[in-house]
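Enquirer: A single structure is presented below for examination.
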Amino acid sequence: MKSAWTMLGLMLLGGFLTAAPARAEDAAKQPCDVPAYLLQSDGVLKRVEETVKKGQPLNVLVVGSRSSTIPAQEASAYPAKLQAALKERLPAAVTVNLSVELQPSKTAEDAAGTLVKLVETKRPTLVIWQTGTVDAMRSIDPDDFRSAVDEGVVALQNAGADVVLVNLQYSPRTETMISAPPYLDNLRVVAQQHEVPLFDRFAIMRYWNEAGDFDLFSTSHGVELAKQVHACLGRALSKFVIDAAHLEPAQQN
Amino acid sequence: MSSIADQIAGAPVADAAAAKALVEPALVEPAAVKAPAITLPATGERELRLDLFRGLALWLIFIDHLPQNILTWLTIRNYGFSDATEIFIFISGYTAAFVYGRAMLEAGFLVATARILRRVWQIYVAHVFLFTIFLAEISYVATSFENPLYSEEMGIMDFLKQPDVTIVQALLLRFRPVNMDVLPLYIVLMLFLPLILWLMKWKPDLTLALSAVLYAVTWQFDLYLSAYPNGFWAFNPFAWQLLFVFGAWCALGGAWRMSRILSSNITMWICIVYLVAAFCVTLTWYVPQLGHIMPKRIEQWMYPINKTDLDVLRFAHFLALAALTVRFLPRDWPGLKSPWLRPLILCGQHSLEIFCLGVFLAFAGHFVLAEISGGAALHALVSVCGILIMWGMAWIISWYKHSADKGASRNKGTGGNADLAGGGA
């Protein structure tokens, strides 16, 4: 009954939007839409698909460095937002559990060593591994970085988890100090080799900056910008996961 | 001999023909008599193509160092594997060998080495100067910027907490910020130039072969130079020396000996096919929708294309570009004298100064873009202004050389050849 009302509401809204002039359509656009090509991936999340189709609980584990959180605002960071968005988009019967394993200032090599143990204790269906930032800051040899990520991904897959890789943040202010490209390239290579979906956080954030959604050069000391960006990242990531698992969202909107 | 060099460097380009007539006999003879192993190009005329492409490389490096904007799409790295760095290192090797190779033939190993070391010192000082500016820039960023979104990335500023160590490491060329990697590479390559030239004088082809062996060994055994606080040199000198030595080899007669290969149609078609293939591959980077067209096999074999160690694909791409350029742009192409290309050629003729200015302008551009959040138009404007400033500076420097310092430089007698040897990075 409730969903019927929602449908009706949406239809009315849709009718209103198509009737309204173009400017209203722009206003209704999400502030941080991500073009489809940035969310495209060849990788498939088979285990996630099976789990959700069977209606079993979906356990997600986010492993990442400090850019996977906002200091003192964990509930606003992208992992929490991802959980909320998944809950909203997946059938109501599926419970979504999410835990975050922050490994500040650990390189991919350091993190890779801990992954198997983590998977054994937490038994996640999906591991979202955000990596590369620490390696880029320490300018670890990109080849070593690649083999570490490679090793980690294989270990995760063997331990029975689906993997999504998340790359660096787009950080224009530190561009003259941190050289991201080698790490972005190598993450892409590993993702291609193991057919793992790569969530291109860097390209997406750069797109937002260029499209004017966010001013990532901003010197603002406030936490607002971080909250908004993470909310958008969480939403985009949920869409990415659902697409890669070939799960149609519960409601198309 | 240094007066000859002075004349080469000092001759206004418009008078190049006169300079050629003046200089040519003096140059050919010693080369022919003393060292049959290598042949210096038989003309003292300034090779404008080198200046043109070095100037172009300087502009492209500057644009590539700025945040992406509309001009970025004009840079060659978007259309193939190699980028402006390859052009730069090759031309630097070429001109350095051309100038100091002659010095070695005429004045001997010791004098040439002394001159090279003076040049190395100049580049080193330029690098330290740039580092100072860089330090000022990031200290500013570190104190003014505290966005919680980037609390992790700002950790990169931690080195500011230990300025003693950092500055010493920078003087040792071990601490090198992003975008400041080219000068240290150039310093190391120039340091080894005396050895390279000495070997080339003896057996040029063997020298090139040794260089290729070093390149292969680097790939096989993963040789690298470590950096501070950790990591490695972003341009591995063990690998990039191949391009530098190849440039030197070409300058010392290799280009002439290769001319038959270069003018063959087979070479031309191989180059064209390779460049088109590379273009198609790069297209898939920027139009991800095309990504699935690429066969998986090829992707796995090809990626990552390693810039640090000068990937073979990059080197080959540069060779193909160079071969086509030499074929379709003859040395006496009248367009080289056209006023439209003057700005590029001027910049190429003062490469060390203009390179440093470009790095500084890139820092300044970052700063402006960060402080004034303007859209794509401002980004493009910053790039264009930077290029205009580089041109203006090149013009001023050449004015100094030709007018302000005219009397002085004639009497000084110590090589004004440095600008042809070219500088920077």
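By convention here, the chains of the structure tokens are called A, B, ... in the order presented, each chain's residues are numbered starting at 1, and ligands are numbered starting at 1 in the order presented.
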Need to verify the contact set: A:Asp33, 9 Å, only C-alpha atoms, exclusion of same-chain residues closer than 5 positions in sequence. Can you return it as a PyMOL selection string?

Expert: chain A and resi 208+213+232+236

Enquirer: Just C-alpha atoms for this one: save the residues we selected as a PDB file, in the first residue's frame.

Expert:
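As written to disk, result-v4.pdb reads:
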```pdb
ATOM      1  CA  TRP A 208      32.661  17.215  -9.483  1.00  0.00           C
ATOM      2  CA  ASP A 213      29.464  20.649  -7.830  1.00  0.00           C
ATOM      3  CA  CYS A 232      27.907  11.905  -2.581  1.00  0.00           C
ATOM      4  CA  ALA A 236      27.827   6.855  -6.008  1.00  0.00           C
TER       5      ALA A 236
END
```

Enquirer: Per residue of chain B within 6 Å of chain A, record the nearest atom pair and its distance in Å to one decimal, counting only C-alpha atoms, with rows in chain order and ascending residue number, as JSON lines.

Expert:
```
{"residue": "B:Phe145", "atom": "CA", "partner": "A:Thr219", "partner_atom": "CA", "distance": 5.1}
{"residue": "B:Glu146", "atom": "CA", "partner": "A:His221", "partner_atom": "CA", "distance": 5.3}
{"residue": "B:Asn147", "atom": "CA", "partner": "A:His221", "partner_atom": "CA", "distance": 5.0}
{"residue": "B:Pro148", "atom": "CA", "partner": "A:Val223", "partner_atom": "CA", "distance": 5.9}
{"residue": "B:Leu149", "atom": "CA", "partner": "A:Ala226", "partner_atom": "CA", "distance": 4.5}
{"residue": "B:Glu152", "atom": "CA", "partner": "A:Arg66", "partner_atom": "CA", "distance": 5.6}
{"residue": "B:Pro177", "atom": "CA", "partner": "A:Met177", "partner_atom": "CA", "distance": 5.7}
{"residue": "B:Val178", "atom": "CA", "partner": "A:Met177", "partner_atom": "CA", "distance": 5.3}
{"residue": "B:Asn230", "atom": "CA", "partner": "A:Arg138", "partner_atom": "CA", "distance": 5.7}
{"residue": "B:Gly231", "atom": "CA", "partner": "A:Ser139", "partner_atom": "CA", "distance": 4.5}
{"residue": "B:Ala370", "atom": "CA", "partner": "A:Phe217", "partner_atom": "CA", "distance": 5.3}
```

Enquirer: Can you list, as number ranges by chain, every protein, DNA or RNA residue that comes within 9 Å of stretch 156-158 of chain A when you count only C-alpha atoms, leaving out same-chain residues fewer than 4 positions away?

Expert: A: 115-116, 119, 127, 151-152, 162-163

Enquirer: Go through A:Leu86, A:Ala161, A:Cys32, A:Ala75 one by one, measure the shortest atom-to-atom distance of each to A:Leu247 using only C-alpha atoms, and give the residue with the smallest value.

Expert: A:Leu86

Enquirer: So how far away is atom CA of B:Leu173 from atom CA of B:Leu225, in Å?

Expert: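 Rounded to one decimal, the two atoms are 10.5 Å apart.
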
Enquirer: I'd like the contact shell of stretch 67-77 of chain B - 9 Å cut-off, only C-alpha atoms, skipping same-chain residues fewer than 4 positions apart - returned as a list of chain:residue names.

Expert: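 The residues satisfying every condition are A:Pro172, A:Glu175, B:Trp59, B:Leu60, B:Ile61, B:Ile63, B:Phe81, B:Ser82, B:Asp83, B:Ala84, B:Thr282, B:Ala362, B:Gly365, B:His366, B:Leu369, B:Ala376, B:Ala377, B:His379, B:Ala380, B:Ser383, B:Val384.
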
Enquirer: Write out as a ChimeraX atom specification each polymer residue whose atoms come within 10 Å of B:Trp240, counting only C-alpha atoms; drop sequence neighbours fewer than 4 positions from it.

Expert: /B:86,89-90,185-186,189,211,215,235-236,244-245,307-311,315

Enquirer: Find the distance between atom CA of B:Ala227 and atom CA of B:Asp164 and write it in Å to one decimal.

Expert: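 Interatomic distance here is 16.2 Å.
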
Enquirer: May I have all residues of stretch 5-226 of chain A that DSSP, computed from the backbone, assigns to strand (DSSP E or B), given as number ranges by chain?

Expert: A: 58-64, 96-102, 126-130, 162-166, 198-199

Enquirer: In Å, how far is it from atom CA of B:Pro184 to atom CA of B:Arg314?

Expert: 20.6 Å
